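The block underneath contains the structure these notes are about, expressed in structure tokens.
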Amino acid sequence: MASAILVLASRRMGILLSLFSVALIKAPLTFDWLPGITFGWDVLANFQQLFGVFALLVVIAILYSRKMEAKYLSSMMVFCAGLLGFLGASHPLQFFMFLELMIFPAFYLLLERDPTTAFKYFAFMQVSSILVLAGMISSGAIASLLLTLGFSIKMGLFPLGSWLPDAHSQAPHPLSALFSGALVACGVYGLYRFSYNFLLLLVLAIISIVYGAVRASKEEDLKRLLAYSTVSQMGYAALALLFAPEILPLFLLMHSLAKAGLFFAAGSIIEQTGISNISQLSVSSSSLTLPIIISALSMAGIPPLLGFWIELTIFKGIAAYSLLLLMGVLIAAAFTIFYVERLVSIFMRRSPKRVEDWLSVIPAILLVLGVLLVE
Amino acid sequence: MLPFLGRHRKTATVFAFIFAIITSLRSNYLIAVFFFILSLVIISISHWKDAKYPLFFLAMFDLIGLLNSQNFLELFLYFELAIFASYFLIFDRKNFMPLIRYFIVNSIGSALMIFAIALSFMSTGSLSHLSPTALILFVLGLLIKLGIAPFQDWLVEIYKFVPLSMALFFSTVLTEIAPLALLIVVTVRVPSLEIFAMFSMFLASVMAFSEKNMIRMLALIDASNLAYDVLAIAIATPASRSAALFMMFSHVIAMCLVFTVLIISKSKSIDKLRAPKGLVLPFYSAFFALSGLPPFQLFPSKIMLFTSVFDVSHPVSYFLLFNMGLSALVSLRILASIRGTRNVGPIDPKLKILVWGLLITSVVFGLFPRIFFEGVLSQMQFLGGPIYVIQKNTIPLLSAIGQTISGIL
């Protein structure tokens, strides 16, 4: 937060302080925020690696945003503070505070591009936060229902998360990467930390997997395609939570790296070619080809990539619950391959344009190394 | 008496306020320092007739007198003096009808208050305590003067007709007098007042949502925020009373910020609302601050209020949550009305400094609200009744930095 203020005065000092702050936030801490309300900050042991990925994405996003106007860069930093704060929060009100903290900066960043999307985002996030807070203070079935509804909006599950495709496609590229790589993961993490309604989440998950994949297969805009794939992937995240919670941190880690990497790359492609229509895109790149292919294939669950091992564990969990459900999910999963193929096809067309961006390589390298985390 | 003498009344008033700040600082009387600094802020951006500055000075001093009053009669007299000064402050030929309405409503409130004091004095012989019936009448009188829904009409009309700098004075000073007086008067839980406050906040929010005039909308948001204060006061636990004070403080900062950006953008109508070029970020921030979102100050005060209400009554806290959602909708409506930016020409550097100063204050208190409880609340024990007083130990920022460094080592 201090760097967000400092960056308004000195861009370089602000960026340095923000990077320094990300390096510093390892230690657990507690402090009295208000009388009777003590906030603590400590990341759960099984989410430490995901937090590390979030921190890395924040650093990359800030580096990507370094040429933005100071006020937008400042907003970006506040958003990052909310993101990292949420994962380490311990008090229910602290979760709520960090969720709310992300609203204004993202709204302001979206406002410049598309006011309608900004207001849509604001309205959805506000409703989501109120539902989450109501759920946190309630108990029993009502609490689960409210929390599921509230966090499903954050996750972008269809039909509750119609803000997601618009916001992801209209946001500046670094923010899109954080939206898709980290913000939606916060929704799943919230459900993991509190509680959820099994049946409602299951229904939303299956609908989202199918809807997201179908829409992504038909979408012409590159960023919207990625946004719809996030809707679909969040359906898988919900299934991971329901049937294989032990794999959830790894799923979120994979999704964050893959999706953020894809959005960073997509941002560079659109900026350097000036084209966002996927049918018209023809790209040649030494730095982006492999990262995009690895990220896309990992999302599709192609062996031996990380996504394959994770989806295998989820499918095992579903099989133990119901074989019929597994059949349905497998059919839905087949749709994923259609949009992954479209994504990869941009490197296989004639007369390509040269695009280079070496910063996007980092998430892909980690994604490949992530296979080592599979037990 | 300095402001009342001579021809240079504005300069004399500024000197008087500086003198008051120094004296209050020497006595460690932080709440007075806050209001006197606020006065200087209002003076710096206002262009009133010279004759109005001494009246402004009088109103501010009466506010401080009210906070230190020893009995109900004294409290009533200071209150009346402040209101009396305000009549002349807002007097203008075109404001005549709203002024008459303001005068009539306040007179009814005053009549109820003085009747309550007389009634209680006749039965108990004391001016320091009110009998139960007298207390109800006194509180009713205060609520009428507060401008809380459904008695908000005079406040809405005043906001609409007076210049923006005068509306700023009303929203940050005059409307805060009544809740402070209410805080002094109500020291035990009053369930009927809770119900009234809930009804009032709901009504004000619904009316604000359907309002088309920007200034009237702000007046209704003001009325809604006042109802939050009344609810916290009616709960009357140490936490809720502290929350009420924090809420008032936050509300003053937020309203001050909103009115200042409106003065800069020269916007009074919601249809013509545009962010001034060069101050787009503070312009949007001001409305977000008013809607009670982090990292701005109204957020922790609403959270403090919410938790204190939750400890006492779950149904009331659910209603509060519902109303917080309604307030967010009102904010969304304002934000959705902002149509791009407007070139307002060169902005007065004083106003720029003020806007950024208020914004930073709002963020600092929003992130580290404990500073308020350590620094300001300890000065408020003279209000009577239970409030939190936290031992001064560390500001959380220092504590957090210390823990982080020790963790790394």
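Every chain in the structure tokens has a letter given in the order shown (A, B, ...), and although residue numbers restart at 1 in each chain, ligands are simply numbered from 1 in the order shown.
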
>> Give me, as a PyMOL selection string, all polymer residues having an atom no more than 12 Å from Lys268 in chain B, counting only C-alpha atoms and skipping those fewer than 5 positions away in the same chain.
In response: chain B and resi 159-164+167+212-218+258-263+273-274+338

>> Give me the residues near range 152-166 of chain A as an MDAnalysis selection string, where near means some atom within 9 Å (using only C-alpha atoms) and where sequence neighbours in that chain fewer than 5 positions away do not count.
In response: chainID A and resid 117 120:121 124:125 127:129 147 171 179:180 183:188 191 201 204:205 207:209 211:212 223:228 230:232 234:235

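Between CA of Val14 in chain B and CA of Met60 in chain B there is a distance of 12.5 Å.
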
> Which parts of range 149-199 of chain A does DSSP call helix (DSSP H, G or I) when run on the backbone here, written out as a PyMOL selection string?
Replying inline: chain A and resi 149-155+163-170+173-193+198-199

>> Contacts from chain A to chain B, 6 Å maximum, only C-alpha atoms: show me the residue list as JSON, numbers by chain.
In response: {"A": [27, 31, 33, 34, 101]}

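CA of Leu174 in chain B is positioned 17.6 Å from CA of Leu140 in chain B.
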
> If we count only C-alpha atoms, what is near Pro172 in chain A at a cut-off of 9 Å, once residues fewer than 5 positions away on the same chain are taken out, given as number ranges by chain?
Replying inline: A: 65, 109-110, 113, 177, 267

Output the selection as a PDB file, in the first residue's frame - N, CA and C atoms for each residue.
```
ATOM      1  N   SER A  65       3.419  -3.528 -15.931  1.00  0.00           N
ATOM      2  CA  SER A  65       2.665  -2.266 -15.809  1.00  0.00           C
ATOM      3  C   SER A  65       3.577  -1.058 -15.643  1.00  0.00           C
ATOM      4  N   LEU A 109      -9.143   0.789 -12.998  1.00  0.00           N
ATOM      5  CA  LEU A 109      -8.376   0.357 -14.174  1.00  0.00           C
ATOM      6  C   LEU A 109      -9.292  -0.011 -15.343  1.00  0.00           C
ATOM      7  N   LEU A 110     -10.444  -0.604 -15.014  1.00  0.00           N
ATOM      8  CA  LEU A 110     -11.393  -0.973 -16.068  1.00  0.00           C
ATOM      9  C   LEU A 110     -12.096   0.249 -16.649  1.00  0.00           C
ATOM     10  N   ARG A 113     -10.850   1.748 -19.841  1.00  0.00           N
ATOM     11  CA  ARG A 113     -11.091   0.979 -21.070  1.00  0.00           C
ATOM     12  C   ARG A 113     -12.570   0.947 -21.448  1.00  0.00           C
ATOM     13  N   ALA A 177      -4.346 -10.829 -16.460  1.00  0.00           N
ATOM     14  CA  ALA A 177      -3.578 -11.991 -16.002  1.00  0.00           C
ATOM     15  C   ALA A 177      -3.827 -12.254 -14.520  1.00  0.00           C
ATOM     16  N   GLY A 267      -1.485 -10.579 -24.155  1.00  0.00           N
ATOM     17  CA  GLY A 267      -1.317  -9.121 -24.087  1.00  0.00           C
ATOM     18  C   GLY A 267      -0.213  -8.666 -25.018  1.00  0.00           C
TER      19      GLY A 267
END
```

Mind the document's chain letters and residue numbers, and return as a PDB file with N, CA and C atoms, in the first residue's frame the residues of range 141-370 of chain B that DSSP labels strand (DSSP E).
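Heads up, here's the output in selection-v3.pdb:
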```pdb
ATOM      1  N   ALA B 275     -15.689  14.155 -13.902  1.00  0.00           N
ATOM      2  CA  ALA B 275     -14.467  14.249 -13.088  1.00  0.00           C
ATOM      3  C   ALA B 275     -13.582  15.369 -13.644  1.00  0.00           C
ATOM      4  N   PRO B 276     -13.031  16.225 -12.776  1.00  0.00           N
ATOM      5  CA  PRO B 276     -12.162  17.285 -13.274  1.00  0.00           C
ATOM      6  C   PRO B 276     -10.847  16.714 -13.788  1.00  0.00           C
ATOM      7  N   THR B 341     -14.558  13.088 -18.290  1.00  0.00           N
ATOM      8  CA  THR B 341     -13.853  14.147 -17.566  1.00  0.00           C
ATOM      9  C   THR B 341     -14.250  15.520 -18.111  1.00  0.00           C
ATOM     10  N   ARG B 342     -13.935  16.547 -17.344  1.00  0.00           N
ATOM     11  CA  ARG B 342     -14.239  17.909 -17.764  1.00  0.00           C
ATOM     12  C   ARG B 342     -13.001  18.769 -17.502  1.00  0.00           C
TER      13      ARG B 342
END
```

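CA of Ile37 in chain A to CA of Leu93 in chain A spans 8.6 Å [interatomic distance, one decimal].
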
>> Given only C-alpha atoms as the basis, pick out the residue of A:Ile314, A:Val355, A:Leu248, A:Leu57 nearest to Ser286 in chain A.
In response: A:Val355

List the spatial neighbours of Ile136 in chain B as a tab-separated table (two decimals) with C-alpha atoms, in the first residue's frame - criterion: any atom at most 10 Å away, only C-alpha atoms, same-chain residues fewer than 2 positions off excluded.
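Written out: result_30.tsv:
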```tsv
chain	number	residue	atom	x	y	z
B	112	LEU	CA	-39.37	19.46	22.71
B	113	MET	CA	-35.87	19.61	24.21
B	116	ALA	CA	-38.08	17.82	28.42
B	130	LEU	CA	-33.52	13.37	32.71
B	131	SER	CA	-36.55	11.34	33.78
B	132	PRO	CA	-37.53	8.53	31.31
B	133	THR	CA	-40.38	10.56	29.74
B	134	ALA	CA	-38.18	13.64	29.51
B	138	PHE	CA	-35.29	15.25	24.50
B	139	VAL	CA	-34.08	12.53	22.13
B	140	LEU	CA	-37.05	13.14	19.83
B	141	GLY	CA	-36.14	16.82	19.73
B	142	LEU	CA	-32.55	15.94	18.88
B	190	VAL	CA	-32.71	2.11	23.80
B	192	SER	CA	-37.00	1.82	20.21
B	193	LEU	CA	-34.25	4.14	19.01
```
